[in-house]
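Chemist: This is upload00.cif, which holds mmCIF, C-alpha atoms and all ligand atoms:
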data_input
#
loop_
_atom_site.label_atom_id
_atom_site.label_comp_id
_atom_site.auth_asym_id
_atom_site.auth_seq_id
_atom_site.Cartn_x
_atom_site.Cartn_y
_atom_site.Cartn_z
CA MET A 1473 -145.24 -38.46 -120.79
CA PRO A 1474 -141.90 -38.93 -122.43
CA SER A 1475 -143.22 -39.01 -125.99
CA GLU A 1476 -144.00 -35.29 -126.18
CA SER A 1477 -141.99 -33.66 -123.48
CA PHE A 1478 -138.88 -32.89 -125.54
CA GLN A 1479 -141.05 -30.95 -127.93
CA SER A 1480 -143.16 -29.13 -125.42
CA GLN A 1481 -140.72 -28.31 -122.65
CA PRO A 1482 -138.47 -25.27 -122.95
CA GLU A 1483 -134.83 -26.20 -123.29
CA PRO A 1484 -132.90 -25.71 -120.06
CA GLN A 1485 -130.32 -22.98 -120.38
CA SER A 1486 -127.54 -24.60 -118.43
CA ASN A 1487 -126.18 -27.92 -117.26
CA PRO A 1488 -127.85 -29.70 -114.40
CA THR A 1489 -126.32 -28.65 -111.12
CA SER A 1490 -124.10 -30.97 -109.16
CA LYS A 1491 -125.71 -33.87 -107.29
CA GLU A 1492 -128.27 -34.19 -110.04
CA PHE A 1493 -128.18 -37.13 -112.39
CA ALA A 1494 -126.69 -36.43 -115.78
CA PHE A 1495 -128.44 -39.62 -116.86
CA ARG A 1496 -129.50 -43.06 -115.66
CA VAL A 1497 -129.59 -46.28 -117.61
CA GLN A 1498 -131.56 -49.20 -116.27
CA ASP A 1499 -131.51 -52.78 -117.50
CA LEU A 1500 -130.52 -51.79 -121.02
CA HIS A 1501 -130.70 -54.51 -123.61
CA ARG A 1502 -129.81 -54.16 -127.27
CA THR A 1503 -130.29 -57.13 -129.50
CA TYR A 1504 -129.35 -57.20 -133.15
CA PHE A 1505 -131.04 -59.53 -135.60
CA LEU A 1506 -128.83 -60.16 -138.58
CA LYS A 1507 -129.28 -62.81 -141.26
CA GLY A 1508 -131.18 -65.15 -138.97
CA GLU A 1509 -128.70 -64.65 -136.17
CA THR A 1510 -129.50 -62.95 -132.85
CA VAL A 1511 -126.72 -61.00 -131.17
CA HIS A 1512 -127.22 -59.83 -127.60
CA ALA A 1513 -124.88 -56.83 -127.61
CA LEU A 1514 -126.17 -55.40 -124.30
CA ARG A 1515 -127.70 -57.82 -121.84
CA GLY A 1516 -128.91 -55.69 -118.93
CA VAL A 1517 -126.71 -52.68 -118.26
CA THR A 1518 -127.58 -50.45 -115.30
CA PHE A 1519 -125.66 -47.43 -114.03
CA ASP A 1520 -126.16 -43.80 -113.02
CA VAL A 1521 -123.97 -40.85 -113.88
CA LEU A 1522 -124.11 -37.74 -111.75
CA ALA A 1523 -123.69 -34.29 -113.21
CA GLY A 1524 -120.01 -33.42 -112.97
CA GLU A 1525 -118.72 -36.98 -113.17
CA TYR A 1526 -115.91 -38.07 -115.47
CA ILE A 1527 -116.28 -41.69 -116.42
CA ALA A 1528 -114.48 -44.00 -118.81
CA ILE A 1529 -116.20 -46.97 -120.40
CA MET A 1530 -113.84 -49.77 -121.31
CA GLY A 1531 -114.07 -53.35 -122.45
CA PRO A 1532 -112.62 -55.80 -124.94
CA SER A 1533 -113.65 -55.85 -128.57
CA GLY A 1534 -117.25 -56.97 -128.95
CA SER A 1535 -118.15 -56.22 -125.33
CA GLY A 1536 -120.81 -53.67 -126.33
CA LYS A 1537 -119.04 -50.30 -126.02
CA SER A 1538 -120.13 -48.93 -129.39
CA THR A 1539 -123.63 -50.24 -128.87
CA LEU A 1540 -123.81 -48.46 -125.52
CA LEU A 1541 -122.31 -45.30 -127.03
CA ASN A 1542 -124.97 -45.31 -129.73
CA VAL A 1543 -127.71 -45.55 -127.13
CA LEU A 1544 -126.18 -42.91 -124.84
CA GLY A 1545 -125.67 -40.61 -127.83
CA CYS A 1546 -129.30 -41.03 -128.92
CA LEU A 1547 -128.11 -42.52 -132.20
CA ASP A 1548 -129.95 -45.72 -131.42
CA ARG A 1549 -132.64 -46.97 -129.05
CA PRO A 1550 -132.31 -49.94 -126.74
CA THR A 1551 -134.38 -53.06 -127.42
CA SER A 1552 -135.58 -52.78 -123.83
CA GLY A 1553 -134.70 -50.94 -120.65
CA SER A 1554 -134.77 -47.26 -119.91
CA TYR A 1555 -132.43 -44.35 -120.50
CA LEU A 1556 -133.38 -41.37 -118.40
CA LEU A 1557 -131.93 -38.12 -119.63
CA ALA A 1558 -133.10 -34.88 -118.06
CA GLY A 1559 -135.98 -36.76 -116.48
CA ASP A 1560 -137.34 -38.27 -119.69
CA ASP A 1561 -137.01 -41.82 -120.93
CA VAL A 1562 -135.13 -41.38 -124.15
CA ALA A 1563 -135.73 -45.04 -124.97
CA GLN A 1564 -139.38 -44.17 -125.59
CA ILE A 1565 -139.17 -41.05 -127.76
CA ASN A 1566 -139.62 -40.93 -131.52
CA ASP A 1567 -136.91 -40.42 -134.14
CA PHE A 1568 -137.53 -36.71 -134.52
CA GLN A 1569 -137.28 -36.11 -130.79
CA LEU A 1570 -134.24 -38.36 -130.58
CA SER A 1571 -132.39 -36.38 -133.22
CA ARG A 1572 -133.43 -33.15 -131.53
CA ILE A 1573 -132.02 -34.16 -128.17
CA ARG A 1574 -128.91 -35.52 -129.89
CA GLY A 1575 -128.27 -32.26 -131.69
CA ARG A 1576 -129.08 -30.01 -128.78
CA ARG A 1577 -127.95 -31.76 -125.66
CA ILE A 1578 -125.12 -34.19 -126.29
CA GLY A 1579 -121.62 -33.03 -127.09
CA PHE A 1580 -119.92 -35.56 -129.33
CA VAL A 1581 -116.17 -35.88 -129.72
CA PHE A 1582 -115.00 -38.51 -132.20
CA GLN A 1583 -111.65 -40.13 -132.89
CA SER A 1584 -111.58 -38.66 -136.40
CA TYR A 1585 -112.64 -35.14 -135.26
CA ASN A 1586 -115.44 -34.94 -137.88
CA LEU A 1587 -114.80 -31.30 -138.72
CA LEU A 1588 -116.17 -29.69 -141.85
CA GLN A 1589 -113.11 -29.08 -144.04
CA GLN A 1590 -114.50 -26.04 -145.85
CA LEU A 1591 -115.21 -24.20 -142.59
CA ASN A 1592 -112.75 -22.41 -140.35
CA VAL A 1593 -112.35 -22.96 -136.61
CA LEU A 1594 -114.99 -20.43 -135.63
CA GLU A 1595 -117.48 -21.75 -138.18
CA ASN A 1596 -116.94 -25.36 -137.14
CA ILE A 1597 -117.56 -24.53 -133.50
CA LYS A 1598 -120.68 -22.67 -134.55
CA VAL A 1599 -122.30 -25.61 -136.37
CA PRO A 1600 -124.34 -26.96 -133.41
CA LEU A 1601 -125.69 -23.50 -132.63
CA GLN A 1602 -128.09 -23.82 -135.56
CA TYR A 1603 -130.13 -26.04 -133.23
CA GLN A 1604 -130.37 -23.22 -130.69
CA GLY A 1605 -131.16 -20.48 -133.12
CA LEU A 1606 -128.21 -18.50 -131.79
CA ILE A 1607 -126.85 -16.41 -134.68
CA GLY A 1608 -124.96 -13.23 -135.45
CA LYS A 1609 -122.67 -11.49 -133.00
CA ASP A 1610 -123.82 -13.54 -130.02
CA ALA A 1611 -122.94 -16.77 -131.77
CA ILE A 1612 -119.55 -15.44 -132.85
CA ALA A 1613 -118.79 -14.21 -129.34
CA LYS A 1614 -119.74 -17.54 -127.82
CA CYS A 1615 -117.69 -19.54 -130.33
CA SER A 1616 -114.66 -17.36 -130.02
CA ASP A 1617 -114.84 -17.74 -126.21
CA LEU A 1618 -114.97 -21.50 -126.66
CA ALA A 1619 -112.02 -21.39 -129.04
CA LYS A 1620 -110.07 -19.45 -126.41
CA GLN A 1621 -111.12 -21.94 -123.74
CA VAL A 1622 -109.52 -24.77 -125.72
CA GLY A 1623 -106.40 -22.73 -126.48
CA LEU A 1624 -107.20 -21.79 -130.07
CA GLY A 1625 -107.94 -18.10 -129.67
CA ASP A 1626 -105.22 -17.32 -132.21
CA ARG A 1627 -106.46 -19.82 -134.82
CA LEU A 1628 -110.04 -18.67 -135.35
CA TYR A 1629 -109.81 -18.40 -139.13
CA HIS A 1630 -107.73 -21.48 -139.82
CA ARG A 1631 -109.29 -24.41 -141.64
CA PRO A 1632 -108.86 -27.97 -140.37
CA THR A 1633 -106.10 -28.73 -142.92
CA GLU A 1634 -104.10 -25.86 -141.44
CA LEU A 1635 -104.22 -27.35 -137.94
CA SER A 1636 -102.44 -30.22 -136.20
CA GLY A 1637 -104.39 -33.29 -135.10
CA GLY A 1638 -104.43 -32.10 -131.51
CA GLN A 1639 -105.67 -28.67 -132.57
CA GLN A 1640 -108.40 -30.25 -134.68
CA GLN A 1641 -109.52 -32.29 -131.72
CA ARG A 1642 -109.59 -29.10 -129.64
CA VAL A 1643 -111.92 -27.58 -132.21
CA ALA A 1644 -114.12 -30.67 -131.94
CA ILE A 1645 -114.14 -30.33 -128.16
CA ALA A 1646 -115.07 -26.66 -128.38
CA ARG A 1647 -117.83 -27.58 -130.84
CA SER A 1648 -119.08 -30.24 -128.42
CA LEU A 1649 -119.51 -27.52 -125.79
CA ALA A 1650 -121.36 -25.06 -127.98
CA ASN A 1651 -124.83 -26.30 -127.07
CA ASP A 1652 -124.18 -26.48 -123.32
CA PRO A 1653 -124.69 -30.25 -123.48
CA TYR A 1654 -125.88 -32.44 -120.64
CA PHE A 1655 -122.64 -34.34 -121.11
CA ILE A 1656 -119.73 -34.78 -123.46
CA LEU A 1657 -119.65 -38.18 -125.11
CA ALA A 1658 -116.17 -38.93 -126.41
CA ASP A 1659 -115.43 -41.98 -128.55
CA GLU A 1660 -111.73 -42.93 -128.60
CA ALA A 1661 -111.06 -39.19 -128.64
CA THR A 1662 -107.30 -39.56 -128.50
CA GLY A 1663 -107.08 -42.59 -130.78
CA ASN A 1664 -105.49 -40.63 -133.64
CA LEU A 1665 -103.09 -38.61 -131.50
CA ASP A 1666 -99.49 -39.15 -130.49
CA SER A 1667 -98.72 -39.58 -126.85
CA LYS A 1668 -97.74 -35.95 -126.10
CA THR A 1669 -100.85 -34.61 -127.81
CA THR A 1670 -102.96 -37.27 -126.11
CA HIS A 1671 -101.83 -35.89 -122.76
CA GLU A 1672 -102.59 -32.33 -123.80
CA VAL A 1673 -106.10 -33.29 -124.91
CA LEU A 1674 -106.63 -35.29 -121.72
CA ASP A 1675 -105.49 -32.23 -119.75
CA LEU A 1676 -108.19 -30.28 -121.55
CA PHE A 1677 -110.87 -32.84 -120.67
CA GLN A 1678 -109.64 -32.73 -117.10
CA ALA A 1679 -109.91 -28.93 -117.02
CA LEU A 1680 -113.43 -29.10 -118.43
CA ASN A 1681 -114.39 -31.63 -115.79
CA ASP A 1682 -112.80 -29.47 -113.08
CA ASP A 1683 -115.08 -26.77 -114.44
CA GLY A 1684 -118.12 -29.00 -113.83
CA LYS A 1685 -118.62 -30.62 -117.23
CA THR A 1686 -119.83 -34.22 -117.25
CA ILE A 1687 -117.66 -36.46 -119.43
CA VAL A 1688 -118.25 -39.97 -120.70
CA MET A 1689 -115.21 -41.35 -122.48
CA ILE A 1690 -115.30 -44.60 -124.43
CA THR A 1691 -111.78 -45.95 -124.70
CA HIS A 1692 -109.72 -49.09 -124.86
CA GLU A 1693 -106.56 -47.32 -123.66
CA ASP A 1694 -105.60 -47.66 -120.00
CA GLU A 1695 -103.74 -44.35 -119.96
CA VAL A 1696 -106.90 -42.57 -121.12
CA ALA A 1697 -109.14 -44.36 -118.62
CA GLU A 1698 -106.71 -43.58 -115.80
CA ARG A 1699 -107.54 -39.91 -116.14
CA ALA A 1700 -111.24 -40.49 -115.50
CA LYS A 1701 -112.62 -40.54 -111.97
CA ARG A 1702 -114.60 -43.72 -112.49
CA VAL A 1703 -114.20 -46.66 -114.83
CA ILE A 1704 -116.98 -48.95 -116.03
CA ARG A 1705 -115.80 -52.15 -117.68
CA LEU A 1706 -118.07 -54.08 -120.02
CA ARG A 1707 -117.76 -57.72 -120.91
CA ASP A 1708 -120.15 -59.69 -123.09
CA GLY A 1709 -122.78 -56.97 -122.91
CA LEU A 1710 -122.76 -56.71 -119.12
CA ILE A 1711 -121.01 -54.49 -116.61
CA GLU A 1712 -118.06 -56.44 -115.29
CA SER A 1713 -116.91 -53.73 -112.88
CA ASP A 1714 -117.78 -50.15 -111.97
CA GLU A 1715 -115.08 -48.58 -109.83
CA VAL A 1716 -113.82 -45.23 -108.66
CA ASN A 1717 -110.32 -44.64 -109.98
CA GLN A 1718 -107.72 -44.71 -107.23
CA LYS A 1719 -105.24 -41.93 -107.94
N1 LIG B 1 -125.39 -53.56 -136.43
C1 LIG B 1 -125.08 -54.73 -135.89
N2 LIG B 1 -125.67 -55.86 -136.33
C2 LIG B 1 -125.39 -57.05 -135.78
N3 LIG B 1 -124.52 -57.25 -134.76
C3 LIG B 1 -123.89 -56.16 -134.30
C4 LIG B 1 -124.14 -54.86 -134.83
N4 LIG B 1 -123.35 -53.97 -134.16
C5 LIG B 1 -122.66 -54.68 -133.26
N5 LIG B 1 -122.98 -55.99 -133.34
C6 LIG B 1 -122.46 -57.07 -132.48
O1 LIG B 1 -122.73 -56.69 -131.13
C7 LIG B 1 -121.65 -57.05 -130.28
C8 LIG B 1 -121.14 -55.80 -129.58
O2 LIG B 1 -120.55 -54.97 -130.56
P1 LIG B 1 -119.96 -53.51 -130.24
O3 LIG B 1 -119.57 -52.92 -131.57
O4 LIG B 1 -120.91 -52.77 -129.41
O5 LIG B 1 -118.66 -53.88 -129.38
P2 LIG B 1 -117.40 -52.97 -129.01
O6 LIG B 1 -117.10 -53.26 -127.59
O7 LIG B 1 -117.65 -51.56 -129.40
O8 LIG B 1 -116.27 -53.58 -129.93
P3 LIG B 1 -114.97 -52.83 -130.58
O9 LIG B 1 -114.09 -52.43 -129.43
O10 LIG B 1 -114.34 -53.93 -131.42
O11 LIG B 1 -115.47 -51.68 -131.40
C9 LIG B 1 -120.62 -57.72 -131.17
O12 LIG B 1 -120.81 -59.11 -131.07
C10 LIG B 1 -120.97 -57.23 -132.56
O13 LIG B 1 -120.59 -58.17 -133.53
#
Translate the structure described by the file into structure tokens.

Modeler:
Amino acid sequence: MPSESFQSQPEPQSNPTSKEFAFRVQDLHRTYFLKGETVHALRGVTFDVLAGEYIAIMGPSGSGKSTLLNVLGCLDRPTSGSYLLAGDDVAQINDFQLSRIRGRRIGFVFQSYNLLQQLNVLENIKVPLQYQGLIGKDAIAKCSDLAKQVGLGDRLYHRPTELSGGQQQRVAIARSLANDPYFILADEATGNLDSKTTHEVLDLFQALNDDGKTIVMITHEDEVAERAKRVIRLRDGLIESDEVNQK
């Protein structure tokens, strides 16, 4: 019964182990109705992602990447099809449950970092922990560990304006990890960074994946997609190809 299970089940305390599915999408359709016009943004997208995978989703403008990202990130529901996350069909749950799973179990990383300017590094990383009820010393210890993990152990009390773009994105990555998400969902995460910093941030994603984290990276840049282990290409709302990256 997907409609209640996110409310009634205890939250798992860790990521799914390897060989489990991080999520599965089956025959996803998303149709927009705008001013009498019907736009078929997703027209039957099916793929599985295993825990521990690192995938890039690519495609030309208008191919449906943002639409798919919105569904995967529980920001939107498909018009039809299923999205199985932790065994439940997220396509069927209500808005409250959708926002709950979004806040607790998906680690977002955006192109524009989306940090709170009035908060320092530690406080920004701590924001998602409100969903877990983790407070006080435990929360501070966890967030300072995450800051160290992304190489910002010596910047805990800096505010975003006192950090470089790459450092701000590191804070965002640490924040995305705070809730032990099922997967990290990154949207053009290096789009605002110069090429050297892009490589440093991609090295960080790589290290996180080596550590077992599942990463889904939406990108239009080949050099970013090359670092993933698998690349799914969309075209006109359908999967055009789904291939393991040859390295
Ligand atoms: N809210 C909306 N209402 C109506 N049509 C929409 C809406 N959002 C997206 N679309 C349409 O759905 C199709 C897919 O759009 P989407 O934004 O998912 O593509 P994209 O691959 O992310 O493109 P880009 O790389 O340019 O961001 C496009 O034809 C777009 O015009």

Chemist: Given the choices A:Thr1539, A:Ser1584, A:Thr1662, A:Ser1552, which gets closest to ligand LIG 1 (chain B) if the distance is worked out from all atoms listed in the file?

Modeler: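 Result for the nearest residue to ligand LIG 1 (chain B): A:Thr1539.
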
Chemist: Identify which of the residues A:Gln1678, A:Gln1498, A:Gln1640, A:Asn1651 lies closest to Asp1520 of chain A, counting all atoms listed in the file when measuring atom-to-atom distances.

Modeler: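 So, comparing all the options, the nearest one is A:Gln1498.
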
Chemist: Give me, as a PyMOL selection string, the set of residues whose atoms come within 8 Å of any atom of ligand LIG 1 (chain B), counting all atoms listed in the file.

Modeler: chain A and resi 1503-1506+1510-1514+1530-1541+1692+1706+1708-1709

Chemist: Atom CA of Phe1493 of chain A and atom CA of Gly1559 of chain A, how far apart in Å?

Modeler: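 Spanning atom CA of Gly1559 of chain A to atom CA of Phe1493 of chain A is a straight-line distance of 8.8 Å.
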
Chemist: In Å, with one decimal, what is the gap from atom CA of Leu1635 of chain A to atom CA of Asn1592 of chain A?

Modeler: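 Separation between atom CA of Leu1635 of chain A and atom CA of Asn1592 of chain A: 10.1 Å.
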
Chemist: Suppose you want the space between atom CA of Leu1547 of chain A and atom CA of Val1581 of chain A; what is it in Å?

Modeler: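 Atom CA of Leu1547 of chain A sits 13.9 Å away from atom CA of Val1581 of chain A.
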
Chemist: Kindly indicate which residue among A:Leu1500, A:Leu1594, A:Ala1611, A:Arg1576 lies nearest to Tyr1629 of chain A, using all atoms listed in the file for the distances.

Modeler: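 Using all atoms listed in the file, Tyr1629 of chain A sits closest to A:Leu1594.
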
Chemist: Dump as a count of residues only all residues having an atom at most 12 Å from (-116.4, -32.4, -120.2), computed in the file's coordinates with only C-alpha atoms.

Modeler: 44

Chemist: Out of A:Val1696, A:Leu1587, A:Ile1711, A:Arg1572, which residue has the shortest atom-to-atom distance to Val1497 of chain A when counting only C-alpha atoms?

Modeler: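 Once distances to Val1497 of chain A are computed over only C-alpha atoms, the minimum belongs to A:Ile1711.
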
Chemist: With only C-alpha atoms as the counted atoms, please give the residues lying no more than 7 Å from Phe1582 of chain A, apart from itself and same-chain residues fewer than 5 positions off, as a count of residues only.

Modeler: 4

Chemist: Kindly indicate which residue among A:Ser1636, A:Asp1626, A:Leu1544, A:Pro1600 lies nearest to Asn1664 of chain A, using all atoms listed in the file for the distances.

Modeler: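 Nearest candidate to Asn1664 of chain A out of A:Ser1636, A:Asp1626, A:Leu1544, A:Pro1600: A:Ser1636.
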